[in-house]
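A.B. asks: Please see the structure below; I have some questions.
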Amino acid sequence: MLSKLMKYEFMAMGRIFLPLFGALLIVSAITGIFGLLDLTVPTGISIAVSIMLIVGIFVVVFILTIQRFWNNLLASEGYLTMTLPVSTDRLIISKLLVASVWNIVSIIVVVGAVLIMVGHGLPPLSVVMQGFDGSYFVTHEAVFIIVQLVIFLILCLFSGILLLYACMSLGMLVNKYRPLVSFGAYIVITTALQIITAITITVGIATGGFESFMNYAEGFSEFVSMQIFMWIAIGVVLLLCAAFYAITRCMLSKRLNLQ
Amino acid sequence: MTWQFSPDRPIYLQLQEQIKLMIVSGRHPPGGKMPAVRDLAENAAVNPNTVQRALTELEREGLLHSQRTSGRYVTEDKTVIEKTKSELASEIVEAFLKKMEAIGYSVKETADIIAGEAEVSSNGNT
Amino acid sequence: MAILNCSKLSKYYGNKAALNGIDLSIEPGRIVGLLGPNASGKTTLIKICAGLLTPSSGEAYIGGMSPGIETKAVVSYLPENSYLNNWMKVSHMLAFFEDFYSDFNLAKAQEMLKNLGIDENQSLKSLSKGTKEKVQLILVMAREAKLYLLDEPIGGVDPAARDYILNTIIKNYNPEASVIISTHLIYDIEQVLDDVVFIKNGEIALNTPVDDLRENHGMSVDAYFREVFRC
């Protein structure tokens, strides 16, 4: 069932993204060609178009992430989606995974487009690689940290999307002004998180907790201390993900009120 | 065949009467197979359970009988049909006489009027 | 065993009761009219059974189970409003139903679409409101469900479409399944009903077989309804 849900989710988002991606890649290719030919004015124009497309893609990613959840679960289409014989978990996870994929693909496409535009000005990849002495990048430790970093970034993306989902589903606590309440929930949660962070830092500094932790970490090698930081960071984000997920799940399965 | 239902009486009763009419008039001949409940329901645009009920009543009256596997049939017993027919006839006549009485004719006078009408219509036919 | 069983079912919005202690039991093979004026609680009751609303108190059981994945697999729900994804084609919706409902009868749906002259390759966006409603009804009725919940299926459709809808309901009759039709247009629908349930201010005012009502009161359900709800 999860794969079926994801199939329709991909279709629903893809039909908007694919043309946008196509347009961006074409315009950036044109920009690249203009640049090669040293045509200043056309290059400027097509760079401007590309930038607009890039901004557009990120805006659309954000809006669609929200819209797919809101329209498909909480608004009119919810009458179909929420009466499907599938679990709430599958509904949330399918939306989360597909939205994440499109978020990541958007970033990759934008980076690709930028490379296409300015690619001719860059040295070839082999030259870039020669710039490093190779010793650092091939160690297992480095690979490990990169993998860890990727996991961390993906979890950050998850927590961001789940935060949106949680806020939208909290809108169901009221019967009127749901979008407003959802937006309010977003402000409250993000502010609360900032306050908690600030308090943690203040307390950490005031009690000397950070300092003693730093001293403790200094006792290890660079790799191990980095590991400790990464694990803590991953743990915190994971906790956020779990909290937002739990809110969304509870609202959808126990407090569902479609109107 | 169009079905007409008046709003003030149970639909199954009205269905029962109308099917009865079809049987005595020979639209559903003795021994003939009745349409399936579902088809009758669709045709009359009424609930299948209502049709079922009407048919069951007709079975009880002996006008229909069901064969477990092949469906429902009109009875082959012509006397039952004739009996129903004469029952229907007296019902209609009774109602008619009541109406005539309401506008001031006695049974005798009504009979005379009918005889006169019958003569006129048979003359008209020759 | 009853297909639907509600006990002391209530739903409050704030302190306003949309449903107030409903007790209702519906047996298999019945076509039930859920009648009542607007905002009487009909839609609320149906939405709870479909699993779209959480009751404030009391329980609704479908085949003995509270609304959830298992009940959604056997409940076919037609909402009052359109839920079709506008960007999809009719054929996409068929595939969607085929994917998610194991009781969906694709051939039946295709035949019904053909009878109405609806082209599967049309996008839903290009269809008129009335045609969209028909597509939705076809999708819902082409399931071989245990309980059909039809919320105002004949509100706002033309007489031909109404006859088609009623005909579809009769044609799909299954002695194992029950159909609940909510409407305020009783006159059009009463001859397809077994039972009527009148809802008034979130409470059941009457629950009776149609023929009993006609027999006891000598009037149609519609006329009786007008009398009961006369303000």
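Convention: chains lettered A, B, ... in structure tokens order; per-chain residue numbering from 1; ligands numbered from 1 as shown.
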Hey, list the chain A side of the contact with chain C: 8 Å cut-off, only C-alpha atoms, answer as an MDAnalysis selection string.
C.D. replies: chainID A and resid 1 4 76:80 82:87 175 254:258
A.B. asks: So which bits of region 78-205 of chain C end up strand (DSSP E) when you DSSP the backbone, as a ChimeraX atom specification?
C.D. replies: /C:78,147-151,178-183,195-200,203-205
A.B. asks: How about saving the chosen residues, N, CA and C atoms kept, as a PDB file, in the first residue's frame?
C.D. replies:
ATOM      1  N   LEU C  78     -19.931   8.017  -0.476  1.00  0.00           N
ATOM      2  CA  LEU C  78     -20.084   9.088  -1.461  1.00  0.00           C
ATOM      3  C   LEU C  78     -20.337  10.395  -0.721  1.00  0.00           C
ATOM      4  N   LEU C 147     -21.334  -1.801   3.109  1.00  0.00           N
ATOM      5  CA  LEU C 147     -22.157  -0.662   3.524  1.00  0.00           C
ATOM      6  C   LEU C 147     -21.855   0.508   2.591  1.00  0.00           C
ATOM      7  N   TYR C 148     -22.910   0.996   1.959  1.00  0.00           N
ATOM      8  CA  TYR C 148     -22.767   2.173   1.108  1.00  0.00           C
ATOM      9  C   TYR C 148     -23.317   3.365   1.862  1.00  0.00           C
ATOM     10  N   LEU C 149     -22.543   4.407   1.946  1.00  0.00           N
ATOM     11  CA  LEU C 149     -22.987   5.633   2.608  1.00  0.00           C
ATOM     12  C   LEU C 149     -23.074   6.715   1.547  1.00  0.00           C
ATOM     13  N   LEU C 150     -24.300   7.057   1.163  1.00  0.00           N
ATOM     14  CA  LEU C 150     -24.463   8.030   0.088  1.00  0.00           C
ATOM     15  C   LEU C 150     -25.037   9.314   0.677  1.00  0.00           C
ATOM     16  N   ASP C 151     -24.199  10.344   0.680  1.00  0.00           N
ATOM     17  CA  ASP C 151     -24.627  11.602   1.291  1.00  0.00           C
ATOM     18  C   ASP C 151     -25.193  12.522   0.216  1.00  0.00           C
ATOM     19  N   SER C 178     -25.888  -3.156   2.852  1.00  0.00           N
ATOM     20  CA  SER C 178     -26.898  -2.143   3.142  1.00  0.00           C
ATOM     21  C   SER C 178     -26.502  -0.821   2.522  1.00  0.00           C
ATOM     22  N   VAL C 179     -27.520  -0.038   2.227  1.00  0.00           N
ATOM     23  CA  VAL C 179     -27.283   1.269   1.630  1.00  0.00           C
ATOM     24  C   VAL C 179     -27.943   2.320   2.527  1.00  0.00           C
ATOM     25  N   ILE C 180     -27.200   3.330   2.875  1.00  0.00           N
ATOM     26  CA  ILE C 180     -27.789   4.450   3.614  1.00  0.00           C
ATOM     27  C   ILE C 180     -27.731   5.669   2.709  1.00  0.00           C
ATOM     28  N   ILE C 181     -28.895   6.250   2.460  1.00  0.00           N
ATOM     29  CA  ILE C 181     -28.961   7.407   1.582  1.00  0.00           C
ATOM     30  C   ILE C 181     -29.462   8.589   2.401  1.00  0.00           C
ATOM     31  N   SER C 182     -28.649   9.614   2.510  1.00  0.00           N
ATOM     32  CA  SER C 182     -29.156  10.794   3.208  1.00  0.00           C
ATOM     33  C   SER C 182     -29.718  11.761   2.184  1.00  0.00           C
ATOM     34  N   THR C 183     -30.845  12.353   2.502  1.00  0.00           N
ATOM     35  CA  THR C 183     -31.423  13.313   1.569  1.00  0.00           C
ATOM     36  C   THR C 183     -32.491  14.134   2.260  1.00  0.00           C
ATOM     37  N   ASP C 195     -36.499   1.311   4.742  1.00  0.00           N
ATOM     38  CA  ASP C 195     -36.740   1.962   6.024  1.00  0.00           C
ATOM     39  C   ASP C 195     -36.430   3.440   5.908  1.00  0.00           C
ATOM     40  N   VAL C 196     -37.045   4.195   6.784  1.00  0.00           N
ATOM     41  CA  VAL C 196     -36.665   5.600   6.895  1.00  0.00           C
ATOM     42  C   VAL C 196     -36.270   5.902   8.339  1.00  0.00           C
ATOM     43  N   VAL C 197     -35.217   6.714   8.454  1.00  0.00           N
ATOM     44  CA  VAL C 197     -34.777   7.190   9.760  1.00  0.00           C
ATOM     45  C   VAL C 197     -34.855   8.714   9.700  1.00  0.00           C
ATOM     46  N   PHE C 198     -35.712   9.275  10.520  1.00  0.00           N
ATOM     47  CA  PHE C 198     -35.820  10.740  10.556  1.00  0.00           C
ATOM     48  C   PHE C 198     -34.892  11.269  11.626  1.00  0.00           C
ATOM     49  N   ILE C 199     -34.089  12.235  11.244  1.00  0.00           N
ATOM     50  CA  ILE C 199     -33.205  12.866  12.228  1.00  0.00           C
ATOM     51  C   ILE C 199     -33.640  14.306  12.412  1.00  0.00           C
ATOM     52  N   LYS C 200     -33.724  14.705  13.656  1.00  0.00           N
ATOM     53  CA  LYS C 200     -34.135  16.075  13.958  1.00  0.00           C
ATOM     54  C   LYS C 200     -33.258  16.569  15.091  1.00  0.00           C
ATOM     55  N   GLU C 203     -31.102  14.109  16.854  1.00  0.00           N
ATOM     56  CA  GLU C 203     -31.696  12.949  17.503  1.00  0.00           C
ATOM     57  C   GLU C 203     -32.600  12.214  16.521  1.00  0.00           C
ATOM     58  N   ILE C 204     -32.781  10.912  16.766  1.00  0.00           N
ATOM     59  CA  ILE C 204     -33.643  10.149  15.876  1.00  0.00           C
ATOM     60  C   ILE C 204     -35.103  10.384  16.265  1.00  0.00           C
ATOM     61  N   ALA C 205     -35.846  10.934  15.324  1.00  0.00           N
ATOM     62  CA  ALA C 205     -37.244  11.239  15.613  1.00  0.00           C
ATOM     63  C   ALA C 205     -38.126  10.049  15.268  1.00  0.00           C
TER      64      ALA C 205
END
A.B. asks: Pull out every residue of chain B sitting within 7 Å of chain C, counting only C-alpha atoms, and send them as a PyMOL selection string.
C.D. replies: chain B and resi 7-11+38+41-42+45-48
A.B. asks: Might you pull out every residue within 12 Å of region 82-99 of chain B, with only C-alpha atoms counted and same-chain residues fewer than 2 positions away left off, and present them as a VMD selection string?
C.D. replies: chain B and resid 17 to 26 30 58 61 to 63 75 to 80 101 to 111 113 to 114
A.B. asks: Do a neighbour search on region 161-172 of chain A at 6 Å with only C-alpha atoms, toss out local chain neighbours closer than 5 positions, and write the hits as number ranges by chain.
C.D. replies: A: 178, 181-182, 185-186, 244, 247-248, 251
A.B. asks: Rounded to one decimal in Å, what is the spacing between CA of Leu64 (chain B) and CA of Ala177 (chain C)?
C.D. replies: 27.7 Å
A.B. asks: Please list as a PyMOL selection string every residue within 10 Å of region 40-42 of chain A, counting only C-alpha atoms and excluding residues in the same chain fewer than 6 positions away.
C.D. replies: chain A and resi 30-31+34+48
A.B. asks: Enumerate as number ranges by chain all residues of region 108-158 of chain C assigned to alpha helix (DSSP H) by DSSP on the backbone, naming them with the chain letters and numbers the document uses.
C.D. replies: C: 108-115, 129-141
A.B. asks: Once you have the residues from the selection above, write them out as a PDB file, in the first residue's frame, restricted to N, CA and C atoms.
C.D. replies:
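Written file, selection_3.pdb:
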ATOM      1  N   LYS C 108     -17.429  -3.469 -14.082  1.00  0.00           N
ATOM      2  CA  LYS C 108     -18.727  -2.861 -13.801  1.00  0.00           C
ATOM      3  C   LYS C 108     -18.659  -1.343 -13.957  1.00  0.00           C
ATOM      4  N   ALA C 109     -17.599  -0.760 -13.415  1.00  0.00           N
ATOM      5  CA  ALA C 109     -17.436   0.694 -13.505  1.00  0.00           C
ATOM      6  C   ALA C 109     -17.324   1.130 -14.955  1.00  0.00           C
ATOM      7  N   GLN C 110     -16.539   0.348 -15.725  1.00  0.00           N
ATOM      8  CA  GLN C 110     -16.352   0.716 -17.127  1.00  0.00           C
ATOM      9  C   GLN C 110     -17.659   0.628 -17.895  1.00  0.00           C
ATOM     10  N   GLU C 111     -18.444  -0.400 -17.554  1.00  0.00           N
ATOM     11  CA  GLU C 111     -19.727  -0.542 -18.235  1.00  0.00           C
ATOM     12  C   GLU C 111     -20.660   0.624 -17.899  1.00  0.00           C
ATOM     13  N   MET C 112     -20.660   1.002 -16.624  1.00  0.00           N
ATOM     14  CA  MET C 112     -21.521   2.119 -16.225  1.00  0.00           C
ATOM     15  C   MET C 112     -21.087   3.413 -16.900  1.00  0.00           C
ATOM     16  N   LEU C 113     -19.786   3.618 -17.006  1.00  0.00           N
ATOM     17  CA  LEU C 113     -19.294   4.818 -17.686  1.00  0.00           C
ATOM     18  C   LEU C 113     -19.728   4.814 -19.142  1.00  0.00           C
ATOM     19  N   LYS C 114     -19.625   3.616 -19.753  1.00  0.00           N
ATOM     20  CA  LYS C 114     -19.990   3.508 -21.165  1.00  0.00           C
ATOM     21  C   LYS C 114     -21.477   3.806 -21.356  1.00  0.00           C
ATOM     22  N   ASN C 115     -22.299   3.272 -20.450  1.00  0.00           N
ATOM     23  CA  ASN C 115     -23.738   3.520 -20.548  1.00  0.00           C
ATOM     24  C   ASN C 115     -24.077   4.997 -20.490  1.00  0.00           C
ATOM     25  N   LYS C 129     -19.983  19.715 -13.819  1.00  0.00           N
ATOM     26  CA  LYS C 129     -20.191  19.360 -12.412  1.00  0.00           C
ATOM     27  C   LYS C 129     -21.055  18.112 -12.293  1.00  0.00           C
ATOM     28  N   GLY C 130     -22.126  18.075 -13.100  1.00  0.00           N
ATOM     29  CA  GLY C 130     -23.044  16.943 -13.055  1.00  0.00           C
ATOM     30  C   GLY C 130     -22.361  15.644 -13.471  1.00  0.00           C
ATOM     31  N   THR C 131     -21.551  15.714 -14.516  1.00  0.00           N
ATOM     32  CA  THR C 131     -20.851  14.512 -14.974  1.00  0.00           C
ATOM     33  C   THR C 131     -19.859  14.032 -13.929  1.00  0.00           C
ATOM     34  N   LYS C 132     -19.194  14.988 -13.296  1.00  0.00           N
ATOM     35  CA  LYS C 132     -18.248  14.623 -12.241  1.00  0.00           C
ATOM     36  C   LYS C 132     -18.964  13.864 -11.125  1.00  0.00           C
ATOM     37  N   GLU C 133     -20.138  14.368 -10.770  1.00  0.00           N
ATOM     38  CA  GLU C 133     -20.911  13.692  -9.719  1.00  0.00           C
ATOM     39  C   GLU C 133     -21.247  12.263 -10.138  1.00  0.00           C
ATOM     40  N   LYS C 134     -21.558  12.111 -11.436  1.00  0.00           N
ATOM     41  CA  LYS C 134     -21.882  10.762 -11.908  1.00  0.00           C
ATOM     42  C   LYS C 134     -20.655   9.857 -11.838  1.00  0.00           C
ATOM     43  N   VAL C 135     -19.501  10.385 -12.233  1.00  0.00           N
ATOM     44  CA  VAL C 135     -18.271   9.584 -12.167  1.00  0.00           C
ATOM     45  C   VAL C 135     -18.032   9.127 -10.727  1.00  0.00           C
ATOM     46  N   GLN C 136     -18.204  10.062  -9.823  1.00  0.00           N
ATOM     47  CA  GLN C 136     -17.976   9.747  -8.411  1.00  0.00           C
ATOM     48  C   GLN C 136     -18.950   8.655  -7.946  1.00  0.00           C
ATOM     49  N   LEU C 137     -20.203   8.799  -8.358  1.00  0.00           N
ATOM     50  CA  LEU C 137     -21.201   7.793  -7.970  1.00  0.00           C
ATOM     51  C   LEU C 137     -20.848   6.425  -8.549  1.00  0.00           C
ATOM     52  N   ILE C 138     -20.393   6.432  -9.799  1.00  0.00           N
ATOM     53  CA  ILE C 138     -20.027   5.164 -10.437  1.00  0.00           C
ATOM     54  C   ILE C 138     -18.886   4.499  -9.676  1.00  0.00           C
ATOM     55  N   LEU C 139     -17.875   5.298  -9.324  1.00  0.00           N
ATOM     56  CA  LEU C 139     -16.736   4.741  -8.582  1.00  0.00           C
ATOM     57  C   LEU C 139     -17.214   4.112  -7.276  1.00  0.00           C
ATOM     58  N   VAL C 140     -18.113   4.804  -6.602  1.00  0.00           N
ATOM     59  CA  VAL C 140     -18.585   4.336  -5.299  1.00  0.00           C
ATOM     60  C   VAL C 140     -19.468   3.094  -5.449  1.00  0.00           C
ATOM     61  N   MET C 141     -20.347   3.108  -6.461  1.00  0.00           N
ATOM     62  CA  MET C 141     -21.279   1.996  -6.606  1.00  0.00           C
ATOM     63  C   MET C 141     -20.633   0.778  -7.255  1.00  0.00           C
TER      64      MET C 141
END
A.B. asks: Kindly give the distance, in Å, that separates CA of Arg68 (chain A) and CA of Lys89 (chain C), rounded to a single decimal.
C.D. replies: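 Between CA of Arg68 (chain A) and CA of Lys89 (chain C) the gap is 18.2 Å.
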A.B. asks: Excluding same-chain residues fewer than 2 positions from Leu55 (chain B), what lies within 10 Å of it counting only C-alpha atoms, as a PDB file with C-alpha atoms, in the first residue's frame?
C.D. replies:
ATOM      1  CA  TYR B  12     -45.923  -3.578  -1.855  1.00  0.00           C
ATOM      2  CA  LEU B  15     -47.294  -3.737  -6.652  1.00  0.00           C
ATOM      3  CA  GLN B  16     -49.245  -6.812  -5.658  1.00  0.00           C
ATOM      4  CA  ILE B  19     -49.057  -7.717 -10.886  1.00  0.00           C
ATOM      5  CA  LYS B  20     -52.355  -9.418 -10.141  1.00  0.00           C
ATOM      6  CA  MET B  34     -42.262 -14.285 -13.940  1.00  0.00           C
ATOM      7  CA  VAL B  37     -37.125  -9.822  -8.554  1.00  0.00           C
ATOM      8  CA  ASN B  49     -37.330  -6.153  -0.930  1.00  0.00           C
ATOM      9  CA  THR B  50     -40.688  -4.553  -1.706  1.00  0.00           C
ATOM     10  CA  VAL B  51     -41.003  -6.602  -4.880  1.00  0.00           C
ATOM     11  CA  GLN B  52     -40.047  -9.689  -2.943  1.00  0.00           C
ATOM     12  CA  ARG B  53     -42.767  -8.971  -0.432  1.00  0.00           C
ATOM     13  CA  GLU B  57     -48.039 -12.303  -0.954  1.00  0.00           C
ATOM     14  CA  LEU B  58     -49.096 -13.418  -4.429  1.00  0.00           C
ATOM     15  CA  GLU B  59     -47.586 -16.814  -3.751  1.00  0.00           C
ATOM     16  CA  ARG B  60     -49.635 -17.046  -0.594  1.00  0.00           C
ATOM     17  CA  GLU B  61     -52.743 -16.277  -2.603  1.00  0.00           C
ATOM     18  CA  LEU B  63     -51.344 -17.003  -8.023  1.00  0.00           C
ATOM     19  CA  LEU B  64     -47.623 -17.652  -8.181  1.00  0.00           C
ATOM     20  CA  HIS B  65     -45.446 -20.520  -7.186  1.00  0.00           C
ATOM     21  CA  SER B  66     -41.718 -20.629  -7.000  1.00  0.00           C
ATOM     22  CA  ARG B  72     -41.230 -17.977 -10.118  1.00  0.00           C
TER      23      ARG B  72
END
